[in-house]
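Q: Got a structure for you, written out below as structure tokens; questions coming shortly.
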Protein chains: 2
Amino acid sequence: MDGNGKKNTNRPVRVEDVARVAGVSPITVSRALSYPEKVKEDTRRKVAEAVAQTGYVVNSFASSLRSGRSSVVAVFSSNVRNPHFANVLLGCTEVLEDNGYQLLTARVGESAEEQRRLIASMTPFRPAAMLFTDLLKPELDRSIISSAGIPVVEMWDQRMDPIDMLVTMWEADAGRTMGRHFAERGFSRIAYAGLLFDRGRRRLEGFRAALKEVGRDCELVLSLTEGWQPDAGAAAFDEVLDRLPGCDAILFGSDILAAGALSAARRRKVNVPTDIAIAGFGDIPVAAHLDPPLTSLGVPSLEMGRKAGQMLLGKLRGREITERIVSFPAVLHARDSTAR
Amino acid sequence: MDGNGKKNTNRPVRVEDVARVAGVSPITVSRALSYPEKVKEDTRRKVAEAVAQTGYVVNSFASSLRSGRSSVVAVFSSNVRNPHFANVLLGCTEVLEDNGYQLLTARVGESAEEQRRLIASMTPFRPAAMLFTDLLKPELDRSIISSAGIPVVEMWDQRMDPIDMLVTMWEADAGRTMGRHFAERGFSRIAYAGLLFDRGRRRLEGFRAALKEVGRDCELVLSLTEGWQPDAGAAAFDEVLDRLPGCDAILFGSDILAAGALSAARRRKVNVPTDIAIAGFGDIPVAAHLDPPLTSLGVPSLEMGRKAGQMLLGKLRGREITERIVSFPAVLHARDSTAR
DNA sequence: GTGAAAGCGCTAACAC
DNA sequence: GTGTTAGCGCTTTCAC
């Protein structure tokens, strides 16, 4: 029934039980498990045997309560269906789990009030550090975070005043890179479609700034509020063609939207890129395999997640922090969808 | 500095402090917070004020240690970059977080030994329930899970003997559905390419069984072991064309692989579906927007994640479990990529 | 290198 | 409806 040799009494095994079996005191068991180097080789072996025999598992609640130390990192994450965020999560999980930390996850929350509530729901666990894999709302009172006095990494923020540390990509730079690409290609009647909150707005600003440098502009901006799936991109494509006749290039806020637009173009027998060029954002794996292959800006989200984890880890280990703000560059992948 | 009015001493605020301010005993504070209905309206108000004034936050470690209750659900999840798993995670997070549970996440692990290690790393937290969003290895000694004596949901398993509860989709049925579709379309030289572990193998078995019913078979099976990204699909497409001349239909283990194959077909000027039909698995959002739109089997992963969360919740609340095994059907989306 | 005593902060059990 | 006492299981502190 019970291959572990665990006792059949309902009472869980405690250090005391292990101590009795090993013929040592409880504190020695504790030390043998937490600081093996502080215990004689022989004692260590006896304790290990007793642990195996009794099936002992430490109780984190008791351990953390007494020691005041916690191996929990609170991670606030948003929509994992967005490949960006999935990559970030993967990257930071890798780093933190491999270093003995447990991840307590919560949604990041969509309104300032919801964010406050979710952060408050984590504080009883006294996490050792916090990681926000998506933007905090500007309206949020950040003192509830900073007052915890623990290492904190925010991500994607566009400002220079993080609570503690920041891993980001400057959206305006990314937008500018794409704007220059559009300028080089000589597109003249240009549209943009995407979400226009925080990051999207900054990206659009950079995009327009680069166009203005060569005397052009983004003549139509579609602010998508509902939907980020391909259908929304297809609908946006139709709307652009209606509202901006002669439009020869559209930048979308994401590759998913752009993929929808490519399919709408096929349906309407509009040739991409000859009739109209299309570009996206994020460089998801299928981008290079769409028809035509989609020009996109790649975001090193996996590396960003890893970096966030490493920064927390560094601070948890008391290393001096040299860079509080780390920004990653977006990389242009020019493909056929914007060819000339 | 501290808008919460929290004291500046380093000692954290305890129930005792709140009790003093409110003019009641510690246990009354505890009750006012955990069982408000057991406390007079007036007392409740005084406690609430004292909590606000002191900035008190309960210490989960102490609370759980004493009460023996835990609000933590351990979730073992795999590659969130796979849209299936991202959806599952999203679904169960929704349900569990909205009902007061905190999610402690770990990777599910790739080998039986790693799985054992990761599960063991969660047990010190005495979770109230466990959820495995991906398969457990058959070699894993499951007694370490069942001996915890808590509600457990496994997902995707193809057997009928879960540790406790199971949310799954019968891969063989799904494969059969696709096999019948291929049979109806009259394809005759058929290939399969995908991962052939656990789930993929069962799916292929169903696929072949349906083909055999009409006197056909899957003549070439490519076992992909490295890579599930589009490039691997493109390479598999090339290999099939080399090794099975006259092949008129390929089923891929995922839509991502199939998307890569579609792009390889374009590169080689092979027409889909006239020259060769292609189908995938998973019905990711872009599937309907590829060129041609991709035939795929949709898996209701978001609902499956929600269901898993609800089943755990039901058992945690002591409700009688009526169905220990819940299976969801895969839905065929026949699109142009397998048209005749 | 090991042990004895104490206490982390909370809430169960029981009393009133 | 509220209070008193005790103890959850561990690890700190100090002693040897």
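Residues are referred to by chain and number: the chain letter is A, B, ... according to the order shown in the structure tokens, the number counts from 1 in that chain, and ligands are numbered separately from 1 in the order shown.
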Write out as number ranges by chain which residues come within 7 Å of range 235-241 of chain A when counting only C-alpha atoms (C1' of nucleotides), dropping same-chain ones fewer than 5 positions away.
A: A: 193, 247, 261, 264
Q: Assign secondary structure with DSSP using the backbone only, and return the residues of range 165-212 of chain A in helix (DSSP H, G or I) as a PyMOL selection string.
A: chain A and resi 171-185+198-212
Q: Tell me the residues of chain B close to chain D, meaning within 10 Å using only C-alpha atoms (C1' of nucleotides), as number ranges by chain.
A: B: 24-28, 38-40, 43, 62-68
Q: Could you dump the residues just selected with all heavy atoms as an mmCIF file, in the first residue's frame?
A:
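What follows is the written file again_8.cif:
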```
data_model
loop_
_atom_site.group_PDB
_atom_site.id
_atom_site.type_symbol
_atom_site.label_atom_id
_atom_site.label_comp_id
_atom_site.auth_asym_id
_atom_site.auth_seq_id
_atom_site.Cartn_x
_atom_site.Cartn_y
_atom_site.Cartn_z
ATOM 1 N N VAL B 24 -10.143 44.575 21.260
ATOM 2 C CA VAL B 24 -10.709 43.216 21.387
ATOM 3 C C VAL B 24 -9.567 42.237 21.571
ATOM 4 O O VAL B 24 -8.402 42.648 21.629
ATOM 5 C CB VAL B 24 -11.542 42.827 20.135
ATOM 6 C CG1 VAL B 24 -12.757 43.728 19.983
ATOM 7 C CG2 VAL B 24 -10.674 42.852 18.888
ATOM 8 N N SER B 25 -9.872 40.950 21.632
ATOM 9 C CA SER B 25 -8.802 39.970 21.791
ATOM 10 C C SER B 25 -8.328 39.479 20.424
ATOM 11 O O SER B 25 -9.048 39.594 19.431
ATOM 12 C CB SER B 25 -9.306 38.784 22.600
ATOM 13 O OG SER B 25 -10.147 38.000 21.789
ATOM 14 N N PRO B 26 -7.116 38.934 20.370
ATOM 15 C CA PRO B 26 -6.566 38.458 19.093
ATOM 16 C C PRO B 26 -7.507 37.493 18.354
ATOM 17 O O PRO B 26 -7.684 37.605 17.152
ATOM 18 C CB PRO B 26 -5.280 37.754 19.510
ATOM 19 C CG PRO B 26 -4.865 38.432 20.756
ATOM 20 C CD PRO B 26 -6.132 38.806 21.466
ATOM 21 N N ILE B 27 -8.095 36.567 19.101
ATOM 22 C CA ILE B 27 -8.916 35.569 18.434
ATOM 23 C C ILE B 27 -10.131 36.210 17.757
ATOM 24 O O ILE B 27 -10.590 35.758 16.714
ATOM 25 C CB ILE B 27 -9.366 34.464 19.431
ATOM 26 C CG1 ILE B 27 -10.123 33.349 18.697
ATOM 27 C CG2 ILE B 27 -10.204 35.040 20.540
ATOM 28 C CD1 ILE B 27 -9.255 32.575 17.736
ATOM 29 N N THR B 28 -10.584 37.311 18.327
ATOM 30 C CA THR B 28 -11.721 38.000 17.722
ATOM 31 C C THR B 28 -11.315 38.631 16.389
ATOM 32 O O THR B 28 -12.074 38.622 15.420
ATOM 33 C CB THR B 28 -12.267 39.071 18.682
ATOM 34 O OG1 THR B 28 -12.658 38.417 19.883
ATOM 35 C CG2 THR B 28 -13.453 39.782 18.077
ATOM 36 N N LYS B 38 -19.447 35.201 12.294
ATOM 37 C CA LYS B 38 -19.420 34.765 13.687
ATOM 38 C C LYS B 38 -19.164 35.912 14.653
ATOM 39 O O LYS B 38 -18.922 35.686 15.833
ATOM 40 C CB LYS B 38 -18.331 33.701 13.893
ATOM 41 C CG LYS B 38 -18.592 32.391 13.171
ATOM 42 C CD LYS B 38 -17.651 31.316 13.673
ATOM 43 C CE LYS B 38 -18.033 29.951 13.103
ATOM 44 N NZ LYS B 38 -17.167 28.888 13.601
ATOM 45 N N VAL B 39 -19.138 37.121 14.100
ATOM 46 C CA VAL B 39 -18.756 38.274 14.907
ATOM 47 C C VAL B 39 -19.812 39.373 14.753
ATOM 48 O O VAL B 39 -20.394 39.524 13.677
ATOM 49 C CB VAL B 39 -17.358 38.741 14.443
ATOM 50 C CG1 VAL B 39 -17.143 40.199 14.739
ATOM 51 C CG2 VAL B 39 -16.274 37.887 15.085
ATOM 52 N N LYS B 40 -20.078 40.106 15.814
ATOM 53 C CA LYS B 40 -21.087 41.171 15.746
ATOM 54 C C LYS B 40 -20.685 42.237 14.724
ATOM 55 O O LYS B 40 -19.513 42.562 14.589
ATOM 56 C CB LYS B 40 -21.237 41.829 17.133
ATOM 57 C CG LYS B 40 -22.453 41.357 17.894
ATOM 58 C CD LYS B 40 -22.875 42.343 18.989
ATOM 59 C CE LYS B 40 -21.715 42.862 19.820
ATOM 60 N NZ LYS B 40 -22.184 43.494 21.085
ATOM 61 N N THR B 43 -18.348 44.875 16.120
ATOM 62 C CA THR B 43 -16.975 44.397 16.339
ATOM 63 C C THR B 43 -16.236 44.302 15.014
ATOM 64 O O THR B 43 -15.082 44.698 14.887
ATOM 65 C CB THR B 43 -17.012 42.994 16.975
ATOM 66 O OG1 THR B 43 -17.963 42.978 18.016
ATOM 67 C CG2 THR B 43 -15.647 42.611 17.489
ATOM 68 N N ALA B 62 1.908 31.203 9.293
ATOM 69 C CA ALA B 62 1.400 30.957 10.636
ATOM 70 C C ALA B 62 -0.025 30.433 10.574
ATOM 71 O O ALA B 62 -0.398 29.491 11.281
ATOM 72 C CB ALA B 62 1.457 32.245 11.457
ATOM 73 N N SER B 63 -0.819 31.042 9.723
ATOM 74 C CA SER B 63 -2.215 30.658 9.612
ATOM 75 C C SER B 63 -2.367 29.201 9.168
ATOM 76 O O SER B 63 -3.113 28.428 9.774
ATOM 77 C CB SER B 63 -2.898 31.600 8.624
ATOM 78 O OG SER B 63 -4.154 31.121 8.277
ATOM 79 N N SER B 64 -1.643 28.839 8.128
ATOM 80 C CA SER B 64 -1.756 27.472 7.624
ATOM 81 C C SER B 64 -1.149 26.469 8.594
ATOM 82 O O SER B 64 -1.652 25.364 8.750
ATOM 83 C CB SER B 64 -1.077 27.334 6.267
ATOM 84 O OG SER B 64 -1.877 27.932 5.269
ATOM 85 N N LEU B 65 -0.079 26.864 9.235
ATOM 86 C CA LEU B 65 0.561 25.946 10.186
ATOM 87 C C LEU B 65 -0.421 25.586 11.298
ATOM 88 O O LEU B 65 -0.615 24.422 11.629
ATOM 89 C CB LEU B 65 1.797 26.606 10.799
ATOM 90 C CG LEU B 65 2.473 25.813 11.921
ATOM 91 C CD1 LEU B 65 2.938 24.453 11.403
ATOM 92 C CD2 LEU B 65 3.655 26.596 12.490
ATOM 93 N N ARG B 66 -1.078 26.602 11.832
ATOM 94 C CA ARG B 66 -1.967 26.352 12.951
ATOM 95 C C ARG B 66 -3.253 25.646 12.495
ATOM 96 O O ARG B 66 -3.708 24.703 13.117
ATOM 97 C CB ARG B 66 -2.303 27.677 13.636
ATOM 98 C CG ARG B 66 -3.249 27.581 14.806
ATOM 99 C CD ARG B 66 -2.612 26.751 15.909
ATOM 100 N NE ARG B 66 -3.379 25.560 16.140
ATOM 101 C CZ ARG B 66 -3.871 25.172 17.313
ATOM 102 N NH1 ARG B 66 -3.626 25.883 18.382
ATOM 103 N NH2 ARG B 66 -4.558 24.080 17.416
ATOM 104 N N SER B 67 -3.832 26.139 11.417
ATOM 105 C CA SER B 67 -5.152 25.612 11.039
ATOM 106 C C SER B 67 -5.059 24.293 10.288
ATOM 107 O O SER B 67 -6.037 23.556 10.197
ATOM 108 C CB SER B 67 -5.886 26.625 10.163
ATOM 109 O OG SER B 67 -5.259 26.723 8.905
ATOM 110 N N GLY B 68 -3.900 24.008 9.733
ATOM 111 C CA GLY B 68 -3.771 22.794 8.927
ATOM 112 C C GLY B 68 -4.445 22.920 7.569
ATOM 113 O O GLY B 68 -4.546 21.963 6.824
#
```
Q: What are the closest atom pairs, with distances in Å to one decimal, for all residues of chain C lying within 12 Å of chain B? Consider only C-alpha atoms (C1' of nucleotides), order rows by chain and residue number, and present the result as a Markdown table.
A:
```
| residue | atom | partner | partner_atom | distance |
| --- | --- | --- | --- | --- |
| C:DC8 | C1' | B:Ala62 | CA | 8.0 |
| C:DG9 | C1' | B:Ala62 | CA | 5.1 |
| C:DC10 | C1' | B:Ser63 | CA | 4.9 |
| C:DT11 | C1' | B:Arg66 | CA | 5.9 |
| C:DA12 | C1' | B:Ser67 | CA | 7.3 |
| C:DA13 | C1' | B:Ser67 | CA | 11.9 |
```
Q: Could you tell me which of B:Ser34, B:Ser337, B:Ser263, B:Gln115 comes closest to chain A if we count only C-alpha atoms?
A: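 Result for the nearest residue to chain A: B:Ser263.
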Q: So how far away is CA of Ile256 in chain A from CA of Thr274 in chain B, in Å?
A: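 CA of Ile256 in chain A lies 27.1 Å from CA of Thr274 in chain B.
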Q: Would you pick out the contacts of range 156-160 of chain B at 7 Å or less, using only C-alpha atoms (C1' of nucleotides), so that residues sharing its chain but fewer than 5 positions from it are not included, and give the list as a ChimeraX atom specification?
A: /B:134-135,167-170
Q: Can you tell me which residues surround Ser301 in chain B at a distance of at most 9 Å, considering only C-alpha atoms (C1' of nucleotides), apart from same-chain residues fewer than 4 positions away, and format the answer as a list in words?
A: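 So, after excluding close chain neighbours, the residues are Pro83, His84, Phe85, Ala86, Asn87, Val88, Gly91, Gly305, Arg306 and Phe328 of chain B.
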Q: When you count only C-alpha atoms, which of these residues is closest to chain A: B:Phe197, B:Phe182, B:Phe125, B:Phe132?
A: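 Of all the options, B:Phe125 lies closest to chain A.
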Q: Hey, can you check how far CA of Asp336 in chain A sits from CA of Ala234 in chain B?
A: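 The value is 18.1 Å.
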Q: Would you mind reading off the distance between CA of Arg189 in chain A and CA of Pro329 in chain A, one decimal, in Å?
A: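 Interatomic distance, CA of Arg189 in chain A to CA of Pro329 in chain A: 27.3 Å.
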